[in-house]
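Text of my_file.cif (mmCIF, C-alpha atoms) as supplied:
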data_input
#
loop_
_atom_site.label_atom_id
_atom_site.label_comp_id
_atom_site.auth_asym_id
_atom_site.auth_seq_id
_atom_site.Cartn_x
_atom_site.Cartn_y
_atom_site.Cartn_z
CA MET A 1 0.00 0.00 0.00
CA ASP A 2 2.88 2.39 -0.61
CA PHE A 3 1.89 3.11 -4.19
CA GLY A 4 1.05 6.69 -5.12
CA LEU A 5 -0.40 6.09 -8.59
CA TYR A 6 -3.53 4.09 -9.32
CA LEU A 7 -3.65 3.44 -13.06
CA ILE A 8 -7.18 2.63 -14.21
CA THR A 9 -7.64 0.99 -17.59
CA ASP A 10 -9.85 1.67 -20.57
CA ARG A 11 -8.76 -0.55 -23.46
CA ARG A 12 -10.77 1.56 -25.94
CA LEU A 13 -8.10 4.25 -25.67
CA VAL A 14 -5.20 2.08 -26.86
CA ASP A 15 -4.50 -0.61 -29.43
CA ASP A 16 -2.67 -2.87 -26.98
CA LEU A 17 -3.66 -2.53 -23.32
CA PRO A 18 -1.09 -4.96 -21.84
CA GLY A 19 1.60 -3.22 -23.87
CA ALA A 20 0.49 0.22 -22.63
CA VAL A 21 0.52 -1.03 -19.04
CA ASP A 22 4.00 -2.45 -19.55
CA ARG A 23 5.35 0.79 -21.02
CA ALA A 24 3.84 2.87 -18.22
CA LEU A 25 5.12 0.67 -15.41
CA SER A 26 8.57 0.50 -16.98
CA ALA A 27 9.03 4.19 -16.17
CA LEU A 28 8.33 3.76 -12.44
CA PRO A 29 10.10 2.18 -9.47
CA ARG A 30 8.69 -1.21 -8.47
CA GLY A 31 5.70 -0.77 -6.20
CA ALA A 32 5.10 2.87 -7.16
CA ALA A 33 1.81 2.13 -8.92
CA ALA A 34 -1.12 -0.25 -8.85
CA VAL A 35 -3.36 -1.09 -11.80
CA GLN A 36 -7.13 -1.45 -11.82
CA LEU A 37 -8.52 -3.47 -14.72
CA ARG A 38 -11.79 -1.63 -15.34
CA GLU A 39 -13.37 -3.11 -18.47
CA LYS A 40 -17.00 -3.26 -17.39
CA ASP A 41 -18.40 -4.24 -20.78
CA LEU A 42 -16.44 -7.51 -21.02
CA GLY A 43 -17.98 -10.86 -20.11
CA ALA A 44 -16.29 -13.13 -17.58
CA SER A 45 -14.33 -15.20 -20.11
CA ALA A 46 -12.92 -12.23 -22.05
CA LEU A 47 -12.20 -10.31 -18.86
CA LEU A 48 -10.34 -13.26 -17.37
CA GLU A 49 -8.23 -13.64 -20.50
CA LEU A 50 -7.30 -9.96 -20.39
CA ALA A 51 -6.70 -10.09 -16.63
CA LEU A 52 -4.23 -12.94 -17.08
CA ARG A 53 -2.28 -10.98 -19.69
CA VAL A 54 -2.25 -7.72 -17.70
CA GLY A 55 -1.50 -9.67 -14.54
CA GLU A 56 1.64 -11.15 -16.05
CA VAL A 57 2.86 -7.62 -16.83
CA CYS A 58 2.00 -6.37 -13.35
CA ARG A 59 3.81 -9.22 -11.63
CA ARG A 60 6.91 -8.67 -13.75
CA ARG A 61 6.87 -4.94 -13.00
CA GLY A 62 6.02 -5.26 -9.30
CA ALA A 63 2.61 -3.58 -9.46
CA PRO A 64 -0.52 -4.88 -7.66
CA LEU A 65 -3.44 -5.70 -9.98
CA LEU A 66 -7.05 -5.16 -8.91
CA ILE A 67 -10.11 -6.20 -10.90
CA ASN A 68 -13.06 -3.84 -10.98
CA ASP A 69 -16.04 -5.37 -9.15
CA ARG A 70 -15.62 -8.97 -10.43
CA ILE A 71 -14.50 -10.96 -7.41
CA ASP A 72 -14.81 -14.21 -9.36
CA VAL A 73 -12.46 -12.99 -12.08
CA ALA A 74 -10.03 -11.53 -9.53
CA LEU A 75 -9.76 -14.88 -7.77
CA ALA A 76 -9.52 -16.89 -11.00
CA ALA A 77 -6.79 -14.61 -12.35
CA ARG A 78 -4.96 -14.63 -9.01
CA ALA A 79 -5.06 -10.85 -8.99
CA ASP A 80 -3.94 -8.99 -5.89
CA GLY A 81 -7.35 -7.59 -5.13
CA VAL A 82 -10.68 -6.18 -6.21
CA HIS A 83 -12.05 -2.66 -6.57
CA LEU A 84 -15.63 -2.25 -5.38
CA ALA A 85 -18.02 0.18 -7.06
CA GLY A 86 -20.65 2.09 -5.14
CA GLY A 87 -23.39 -0.50 -5.57
CA SER A 88 -21.18 -3.52 -5.04
CA VAL A 89 -20.90 -5.93 -2.11
CA GLU A 90 -19.59 -4.91 1.28
CA VAL A 91 -15.87 -4.98 1.97
CA GLU A 92 -16.31 -7.66 4.63
CA GLU A 93 -18.06 -9.93 2.13
CA ALA A 94 -15.27 -9.49 -0.41
CA ARG A 95 -12.71 -10.44 2.23
CA SER A 96 -14.76 -13.48 3.27
CA LEU A 97 -14.50 -14.74 -0.31
CA GLY A 98 -10.72 -14.65 -0.18
CA VAL A 99 -9.84 -11.17 -1.46
CA ASP A 100 -6.80 -9.68 0.27
CA LEU A 101 -6.57 -6.15 -1.15
CA VAL A 102 -9.81 -4.16 -1.39
CA GLY A 103 -10.24 -0.70 -2.88
CA ALA A 104 -13.55 1.13 -3.13
CA SER A 105 -15.07 4.07 -4.96
CA CYS A 106 -16.55 6.90 -2.90
CA HIS A 107 -18.47 9.97 -4.01
CA ASP A 108 -19.87 11.33 -0.74
CA GLU A 109 -19.63 11.08 3.04
CA ALA A 110 -22.11 8.21 3.22
CA GLU A 111 -19.98 6.07 0.92
CA LEU A 112 -16.86 6.98 2.89
CA ASP A 113 -18.53 5.76 6.07
CA ARG A 114 -19.68 2.57 4.37
CA ARG A 115 -16.23 1.78 2.97
CA GLY A 116 -14.26 2.59 6.10
CA ASP A 117 -12.81 -0.92 6.30
CA ALA A 118 -11.42 -0.88 2.75
CA ASP A 119 -7.65 -0.79 2.28
CA PHE A 120 -8.06 2.44 0.32
CA VAL A 121 -10.75 4.54 -1.32
CA VAL A 122 -10.90 6.53 -4.54
CA CYS A 123 -12.77 9.82 -4.20
CA SER A 124 -14.23 11.41 -7.30
CA PRO A 125 -14.71 13.62 -9.13
CA ILE A 126 -12.28 16.00 -7.46
CA PHE A 127 -12.06 18.29 -10.49
CA PRO A 128 -14.46 18.79 -13.44
CA SER A 129 -14.63 15.66 -15.59
CA PRO A 130 -17.07 14.89 -18.42
CA GLY A 131 -19.93 12.63 -17.38
CA LYS A 132 -18.84 12.42 -13.74
CA GLY A 133 -21.23 14.89 -12.12
CA PRO A 134 -20.31 18.01 -10.13
CA ALA A 135 -16.73 18.21 -8.93
CA VAL A 136 -16.43 17.94 -5.14
CA GLY A 137 -13.23 19.99 -4.98
CA ILE A 138 -9.92 19.86 -3.17
CA ASP A 139 -11.48 20.71 0.22
CA ALA A 140 -13.61 17.56 0.09
CA LEU A 141 -10.49 15.56 -0.71
CA HIS A 142 -8.76 17.06 2.32
CA ALA A 143 -11.75 16.19 4.52
CA ALA A 144 -11.74 12.60 3.27
CA ALA A 145 -8.02 12.24 3.93
CA ALA A 146 -8.50 13.68 7.43
CA THR A 147 -10.52 10.57 8.35
CA GLY A 148 -7.28 8.60 8.32
CA MET A 149 -8.28 6.51 5.30
CA ARG A 150 -5.89 6.02 2.41
CA VAL A 151 -7.45 8.25 -0.24
CA PHE A 152 -6.76 8.56 -3.96
CA ALA A 153 -8.03 11.47 -6.04
CA LEU A 154 -9.80 10.80 -9.35
CA GLY A 155 -11.57 13.00 -11.85
CA GLY A 156 -9.87 15.73 -13.83
CA VAL A 157 -6.50 14.88 -12.27
CA ASP A 158 -3.51 15.78 -14.43
CA ARG A 159 -0.14 17.50 -14.26
CA THR A 160 -1.71 20.81 -13.29
CA ASN A 161 -3.18 19.57 -10.03
CA ALA A 162 -1.68 16.19 -9.01
CA ALA A 163 0.71 17.78 -6.50
CA ALA A 164 -2.17 19.71 -4.91
CA CYS A 165 -4.01 16.42 -4.31
CA THR A 166 -1.23 14.88 -2.23
CA TRP A 167 -0.59 18.21 -0.52
CA ALA A 168 -4.25 18.05 0.59
CA GLY A 169 -3.62 14.68 2.23
CA ALA A 170 -4.29 12.12 -0.49
CA GLN A 171 -1.99 9.12 -0.65
CA GLY A 172 -1.91 9.50 -4.42
CA VAL A 173 -3.88 10.04 -7.59
CA ALA A 174 -5.86 7.78 -9.88
CA ALA A 175 -5.94 8.34 -13.62
CA ILE A 176 -7.41 6.99 -16.83
CA ARG A 177 -6.98 9.38 -19.75
CA ALA A 178 -4.07 11.21 -18.16
CA TRP A 179 -1.91 8.20 -19.00
CA LEU A 180 -3.77 6.10 -21.58
CA ALA A 181 -4.58 9.03 -23.86
CA ALA A 182 -1.05 10.41 -23.60
CA ALA A 183 1.28 10.18 -26.59
CA ASP A 184 3.82 8.51 -24.29
CA PRO A 185 2.24 6.63 -21.33
CA ALA A 186 5.65 6.10 -19.74
CA GLU A 187 6.48 9.80 -19.75
CA ALA A 188 2.99 10.67 -18.49
CA VAL A 189 3.09 8.36 -15.47
CA ALA A 190 6.66 9.37 -14.64
CA ALA A 191 5.57 13.01 -14.53
CA LEU A 192 2.57 12.19 -12.33
CA HIS A 193 4.78 10.13 -10.02
CA ASP A 194 7.14 13.07 -9.51
CA LEU A 195 4.26 15.48 -8.88
CA VAL A 196 2.65 13.16 -6.35
CA ALA A 197 5.97 12.89 -4.52
CA SER A 198 6.53 16.65 -4.55
CA GLY A 199 3.07 17.28 -3.11
CA LYS A 200 3.72 14.85 -0.26
CA ALA A 201 7.11 16.39 0.43
CA GLY A 202 5.64 19.88 0.50
CA ARG A 203 2.91 18.82 2.93
CA PHE A 204 5.51 17.87 5.52
CA SER A 205 7.87 20.80 4.93
CA GLN A 206 7.57 23.67 7.37
CA GLY A 207 6.95 26.97 5.68
CA ALA A 208 6.23 25.43 2.28
CA SER A 209 3.46 26.99 0.22
CA PRO A 210 0.71 24.91 -1.40
CA PRO A 211 1.26 24.27 -5.11
CA ARG A 212 -0.63 26.53 -7.47
CA MET A 213 -3.17 24.84 -9.70
CA ALA A 214 -3.78 25.75 -13.30
CA ALA A 215 -7.28 25.26 -14.67
CA PRO A 216 -7.82 21.48 -14.89
CA ARG A 217 -8.28 19.97 -18.33
CA ALA A 218 -10.67 17.20 -17.19
CA LEU A 219 -8.59 14.30 -18.44
CA CYS A 220 -10.02 11.51 -16.28
#

Kindly present the structure from the file in structure tokens form.
Amino acid sequence: MDFGLYLITDRRLVDDLPGAVDRALSALPRGAAAVQLREKDLGASALLELALRVGEVCRRRGAPLLINDRIDVALAARADGVHLAGGSVEVEEARSLGVDLVGASCHDEAELDRRGDADFVVCSPIFPSPGKGPAVGIDALHAAAATGMRVFALGGVDRTNAAACTWAGAQGVAAIRAWLAAADPAEAVAALHDLVASGKAGRFSQGASPPRMAAPRALC
């Protein structure tokens, strides 16, 4: 749980998803990122096949792999964990089925309370993002992190605001388009990794000023 980047997939954005994951992880230290396989339109058989291919890359690169919502596929693929959506099963039930690492999506205080026993939560949308509803803002991210939960920021997160997210208390940032839609996924994740680290360093430096944020480009 030391990773600061949570790379969420959308295979429609790339020609070769396992290859894109491999290139991205190659630019990072081992353990610096985790990957969520989020391909909600795939049936169990196709999702398992893809999970096995992405899982091989993640194991070789030292990155945990979580499967979005499909506990059966996560167990069959021997993934590291599962990511629970808002309407999914309870964290305790997922653990009772043999899942070790559990992440969960949260959009409001009620969901934060419900998912308090997850290993980490993803709060969204922090910044404006198409189709994601009203942005909750950086103050809401700070409030979520103040609960003591491991929080990742999602929604409109990019190079202009990633450092501000970890400055506000987030463990890291989650991204979809910010890396998969980039011309060079490796360069994109390396830049995000450095910004996440700089935000954390600034948070614990006496006298440091919060990073300035440019207008977000709604990439996630």

Quiz prompt | Explicit residue set for the PyMOL selection byres ((chain A and resi 181) around 10), as a VMD selection string | solution = chain A and resid 10 12 to 14 176 to 180 182 to 185 188 219 to 220

Quiz item: Could you write out as a PyMOL selection string the residues that the PyMOL selection byres ((chain A and resi 4) around 9) matches in the shown file?
Solution: chain A and resi 1-3+5-6+31-34+152+166+170-174+193+196-197

Quiz item: What residues come out when you apply the PyMOL selection byres ((chain A and resi 67-78) around 7) to this file, written as a list in words?
Solution: Gln36, Leu37, Arg38, Ala44, Leu48, Ala51, Leu52, Leu65, Leu66, Ala79, Asp80, Gly81, Val82, His83, Leu84, Ala85 and Ser88 of chain A

Self-check item: Separation of CA of Ser129 (chain A) from CA of Asp158 (chain A) in Å
Solution: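 Straight-line distance from CA of Asp158 (chain A) to CA of Ser129 (chain A) works out to 11.2 Å.
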
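Across the structure, CA of Asp16 (chain A) and CA of Cys106 (chain A) are spaced 29.5 Å apart.
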
Quiz prompt | Pairwise distance for CA of Ala190 (chain A) and CA of Cys165 (chain A), rounded to one decimal in Å | solution =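 Interatomic distance, CA of Ala190 (chain A) to CA of Cys165 (chain A): 16.4 Å.
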